[in-house]
Amino acid sequence: MANTYRKRSILAACATVLTVALFVFLLSGGLAKVKAVAQQVTGYESVTTNPDRVHYYAYDTSEDLWHFGPNAYAEANGQLSAIYQVDDNGKVTGSFIERMRRDPALTAAIAVDILNRGLVDDWSTILGTRAAEFKDVPIGRLADQLHTAFLEDYTFWDAVIANIFDFLKQGKAEIVELDGYTSSMYMLKDGLQGNKPSVVVRNTQNAGGHMLVFKFGAGSIMLRLECGFQPINPSEYWPTPDSPGTPPIQDNPTPPKEDTPPPETPPLEPKKVDAGPQAVTGGSNPDYGGPNSRNENIDTRVTPEPQSPPSYTAPPAPTTSSGGGSGGSGGGATTHNSGGTETYNGKDYEVVTGNTDSYTDLGTVQENASHETVETPVQNDGVNTGDIDAPE
């Protein structure tokens, strides 16, 4: 019995290992296929949720609350190849797929338009294996539910993009001028979860412009370029509301007409002759212009040049006086008392103003100076004693 139990345990373990290995193999193959689809459509792998990828182009338009994004026709200079092009290998390039790759609201709107035009027999053509999840969603909520599903599962988002363009490649793409449309899809900013655009449909007026058209035998997909690939005439399958709803929004938004000239600059008002300081002074103040101003009556007199005198007499040279002065070089009589007498602390002192002593020239003193002969100041003066070094 022990051996039988051991054999069963070993067989069970082997079966478990084989099952796990098979699951990993199938899973890796499925992921590889998804990655291949993502690379073919978007140019890079995006099988994980990366919030930096998401960009709502509706918020790039500040002039209104309705456009899907900036004017794609102007960005491409009207060139189809810059908007949508398929190379020889079947790869799609251009601003259309680039915006869908980053904008889940735009991808959802395009998917809804294709699904409800009757151009595909089965919704799985666009939504793949998840088509049944959305088949019974009311039309007014379908785009927003697809939008949130894309944010939760990027592989689903990329697969839908791949399916959309596989379908669109079967039609004939061209750019034509718009005419005769009566409704459009719009994006209500912050209409979804308070911070994302919600896709709505409203009646509108024919404002002209251009559309990217994909023509099929059973119908067409028409996207207005001036409003960022906005589907035209969705009221054919998506009824427009009878009332604006909540929050209150305009029921008939009118996209701006193209090539509208800018408003003319109003002409400048004529100068008021009865205003300003000249009018106050009656035109007599020369500081403010007018017939009496300095600018009107310029002084043309020539300022005379200064003339040199006919002759010049130099002043007399200074004379040297003898006599002692402080710092003199000797000579002169001694005049000890020429300064008078001063009394200090009860004693009389003579004020000495001069003498006959000779002094050594300061230049000579400097040349013969030596630190050995320089006297130490304030020493042995009978007053200062002790250490007189500078304090530290």
# chains A, B, ... in the order shown; residues from 1 in each chain; ligands from 1

$ select_by_dssp --residues "stretch 122-157 of chain A" --states "alpha helix (DSSP H)" --output "mmCIF file with N, CA and C atoms, in the first residue's frame"
data_model
loop_
_atom_site.group_PDB
_atom_site.id
_atom_site.type_symbol
_atom_site.label_atom_id
_atom_site.label_comp_id
_atom_site.auth_asym_id
_atom_site.auth_seq_id
_atom_site.Cartn_x
_atom_site.Cartn_y
_atom_site.Cartn_z
ATOM 1 N N SER A 124 -17.954 41.785 -32.529
ATOM 2 C CA SER A 124 -16.643 41.230 -32.211
ATOM 3 C C SER A 124 -15.596 41.651 -33.237
ATOM 4 N N THR A 125 -16.030 42.112 -34.390
ATOM 5 C CA THR A 125 -15.081 42.623 -35.390
ATOM 6 C C THR A 125 -14.287 43.787 -34.814
ATOM 7 N N ILE A 126 -14.916 44.567 -33.942
ATOM 8 C CA ILE A 126 -14.246 45.718 -33.335
ATOM 9 C C ILE A 126 -13.868 45.434 -31.883
ATOM 10 N N LEU A 127 -14.767 44.834 -31.119
ATOM 11 C CA LEU A 127 -14.540 44.660 -29.680
ATOM 12 C C LEU A 127 -13.963 43.302 -29.316
ATOM 13 N N ALA A 131 -17.115 41.621 -26.840
ATOM 14 C CA ALA A 131 -18.251 42.292 -27.486
ATOM 15 C C ALA A 131 -19.545 42.089 -26.720
ATOM 16 N N ALA A 132 -19.759 40.884 -26.165
ATOM 17 C CA ALA A 132 -21.018 40.590 -25.485
ATOM 18 C C ALA A 132 -21.232 41.456 -24.256
ATOM 19 N N GLU A 133 -20.136 41.935 -23.622
ATOM 20 C CA GLU A 133 -20.249 42.760 -22.419
ATOM 21 C C GLU A 133 -20.960 44.088 -22.703
ATOM 22 N N PHE A 134 -20.865 44.573 -23.933
ATOM 23 C CA PHE A 134 -21.331 45.921 -24.242
ATOM 24 C C PHE A 134 -22.554 45.922 -25.173
ATOM 25 N N ILE A 139 -27.142 53.306 -25.791
ATOM 26 C CA ILE A 139 -26.253 54.012 -26.705
ATOM 27 C C ILE A 139 -25.634 55.252 -26.064
ATOM 28 N N GLY A 140 -26.394 55.933 -25.203
ATOM 29 C CA GLY A 140 -25.873 57.144 -24.588
ATOM 30 C C GLY A 140 -24.765 56.908 -23.599
ATOM 31 N N ARG A 141 -24.591 55.651 -23.141
ATOM 32 C CA ARG A 141 -23.553 55.316 -22.164
ATOM 33 C C ARG A 141 -22.459 54.445 -22.753
ATOM 34 N N LEU A 142 -22.607 54.035 -23.984
ATOM 35 C CA LEU A 142 -21.676 53.062 -24.553
ATOM 36 C C LEU A 142 -20.261 53.622 -24.664
ATOM 37 N N ALA A 143 -20.123 54.833 -25.189
ATOM 38 C CA ALA A 143 -18.772 55.390 -25.372
ATOM 39 C C ALA A 143 -18.060 55.546 -24.034
ATOM 40 N N ASP A 144 -18.765 56.026 -23.007
ATOM 41 C CA ASP A 144 -18.135 56.219 -21.704
ATOM 42 C C ASP A 144 -17.757 54.887 -21.058
ATOM 43 N N GLN A 145 -18.598 53.845 -21.244
ATOM 44 C CA GLN A 145 -18.249 52.545 -20.663
ATOM 45 C C GLN A 145 -17.047 51.933 -21.375
ATOM 46 N N LEU A 146 -16.973 52.081 -22.690
ATOM 47 C CA LEU A 146 -15.786 51.612 -23.397
ATOM 48 C C LEU A 146 -14.548 52.388 -22.939
ATOM 49 N N HIS A 147 -14.699 53.676 -22.768
ATOM 50 C CA HIS A 147 -13.612 54.546 -22.308
ATOM 51 C C HIS A 147 -13.033 54.035 -20.987
ATOM 52 N N THR A 148 -13.888 53.805 -19.994
ATOM 53 C CA THR A 148 -13.393 53.329 -18.690
ATOM 54 C C THR A 148 -12.827 51.915 -18.789
ATOM 55 N N ALA A 149 -13.384 51.084 -19.671
ATOM 56 C CA ALA A 149 -12.837 49.737 -19.855
ATOM 57 C C ALA A 149 -11.426 49.803 -20.436
ATOM 58 N N PHE A 150 -11.182 50.744 -21.345
ATOM 59 C CA PHE A 150 -9.835 50.901 -21.908
ATOM 60 C C PHE A 150 -8.836 51.288 -20.815
ATOM 61 N N LEU A 151 -9.243 52.173 -19.903
ATOM 62 C CA LEU A 151 -8.337 52.591 -18.834
ATOM 63 C C LEU A 151 -8.014 51.443 -17.886
ATOM 64 N N GLU A 152 -8.968 50.512 -17.732
ATOM 65 C CA GLU A 152 -8.742 49.367 -16.847
ATOM 66 C C GLU A 152 -7.950 48.256 -17.518
ATOM 67 N N TYR A 154 -5.418 47.992 -20.810
ATOM 68 C CA TYR A 154 -4.772 48.575 -21.985
ATOM 69 C C TYR A 154 -4.669 47.585 -23.141
ATOM 70 N N THR A 155 -4.600 46.294 -22.830
ATOM 71 C CA THR A 155 -4.542 45.317 -23.914
ATOM 72 C C THR A 155 -5.845 45.320 -24.707
ATOM 73 N N PHE A 156 -6.956 45.493 -24.010
ATOM 74 C CA PHE A 156 -8.251 45.612 -24.683
ATOM 75 C C PHE A 156 -8.285 46.880 -25.539
ATOM 76 N N TRP A 157 -7.783 47.976 -24.998
ATOM 77 C CA TRP A 157 -7.716 49.245 -25.743
ATOM 78 C C TRP A 157 -6.902 49.064 -27.026
#

$ select_by_dssp --residues "stretch 64-160 of chain A" --states "strand (DSSP E or B)" --output "PyMOL selection string"
chain A and resi 85-86+92-93

$ residues_around --residues "A:Leu223" --least-positions-apart "5" --cutoff "10 Å" --atoms "only C-alpha atoms" --output "ChimeraX atom specification"
/A:110,113,175,178,184-185,210-214,228-233

$ residues_around --residues "stretch 118-123 of chain A" --least-positions-apart "2" --cutoff "12 Å" --atoms "only C-alpha atoms" --output "PyMOL selection string"
chain A and resi 111-116+125-136+160+163-164+166-168+170-171+214-221+236-237

$ write_last_selection --atoms "C-alpha atoms" --output "mmCIF file, in the first residue's frame"
data_model
loop_
_atom_site.group_PDB
_atom_site.id
_atom_site.type_symbol
_atom_site.label_atom_id
_atom_site.label_comp_id
_atom_site.auth_asym_id
_atom_site.auth_seq_id
_atom_site.Cartn_x
_atom_site.Cartn_y
_atom_site.Cartn_z
ATOM 1 C CA ALA A 111 -15.710 52.482 -32.059
ATOM 2 C CA VAL A 112 -19.310 53.485 -31.245
ATOM 3 C CA ASP A 113 -19.700 55.187 -34.619
ATOM 4 C CA ILE A 114 -18.483 52.102 -36.512
ATOM 5 C CA LEU A 115 -20.555 49.661 -34.446
ATOM 6 C CA ASN A 116 -23.817 51.540 -34.964
ATOM 7 C CA THR A 125 -15.081 42.623 -35.390
ATOM 8 C CA ILE A 126 -14.246 45.718 -33.335
ATOM 9 C CA LEU A 127 -14.540 44.660 -29.680
ATOM 10 C CA GLY A 128 -13.169 41.128 -30.019
ATOM 11 C CA THR A 129 -14.025 38.590 -27.345
ATOM 12 C CA ARG A 130 -15.526 41.230 -25.044
ATOM 13 C CA ALA A 131 -18.251 42.292 -27.486
ATOM 14 C CA ALA A 132 -21.018 40.590 -25.485
ATOM 15 C CA GLU A 133 -20.249 42.760 -22.419
ATOM 16 C CA PHE A 134 -21.331 45.921 -24.242
ATOM 17 C CA LYS A 135 -24.092 44.658 -26.553
ATOM 18 C CA ASP A 136 -26.940 45.725 -24.248
ATOM 19 C CA VAL A 160 -9.777 47.639 -30.326
ATOM 20 C CA ASN A 163 -9.467 46.096 -35.062
ATOM 21 C CA ILE A 164 -10.687 49.593 -35.968
ATOM 22 C CA ASP A 166 -8.054 46.713 -39.856
ATOM 23 C CA PHE A 167 -11.641 47.609 -40.697
ATOM 24 C CA LEU A 168 -10.934 51.171 -41.913
ATOM 25 C CA GLN A 170 -10.944 48.216 -46.263
ATOM 26 C CA GLY A 171 -12.534 51.578 -47.143
ATOM 27 C CA PHE A 214 -13.871 56.351 -45.103
ATOM 28 C CA LYS A 215 -16.186 55.156 -47.869
ATOM 29 C CA PHE A 216 -17.580 51.607 -47.874
ATOM 30 C CA GLY A 217 -20.152 49.959 -50.066
ATOM 31 C CA ALA A 218 -22.775 50.081 -47.303
ATOM 32 C CA GLY A 219 -22.017 53.584 -46.004
ATOM 33 C CA SER A 220 -19.349 55.940 -44.743
ATOM 34 C CA ILE A 221 -17.536 57.029 -41.598
ATOM 35 C CA GLU A 236 -29.019 58.610 -37.410
ATOM 36 C CA TYR A 237 -28.560 55.967 -34.679
#

$ residues_around --residues "A:Ala58" --least-positions-apart "2" --cutoff "7 Å" --atoms "only C-alpha atoms" --output "PDB file with C-alpha atoms, in the first residue's frame"
ATOM      1  CA  TYR A  56      -7.284  63.843 -23.529  1.00  0.00           C
ATOM      2  CA  ASP A  60      -6.095  71.109 -25.471  1.00  0.00           C
ATOM      3  CA  THR A  61      -8.927  73.296 -26.786  1.00  0.00           C
ATOM      4  CA  HIS A  67     -14.240  69.862 -29.520  1.00  0.00           C
ATOM      5  CA  PHE A  68     -12.640  66.412 -29.473  1.00  0.00           C
ATOM      6  CA  GLY A  69      -9.258  68.089 -29.879  1.00  0.00           C
ATOM      7  CA  MET A 187     -16.942  65.838 -25.581  1.00  0.00           C
TER       8      MET A 187
END

$ atom_distance --atom1 "atom CA of A:Asp87" --atom2 "atom CA of A:Ala74"
23.0 Å
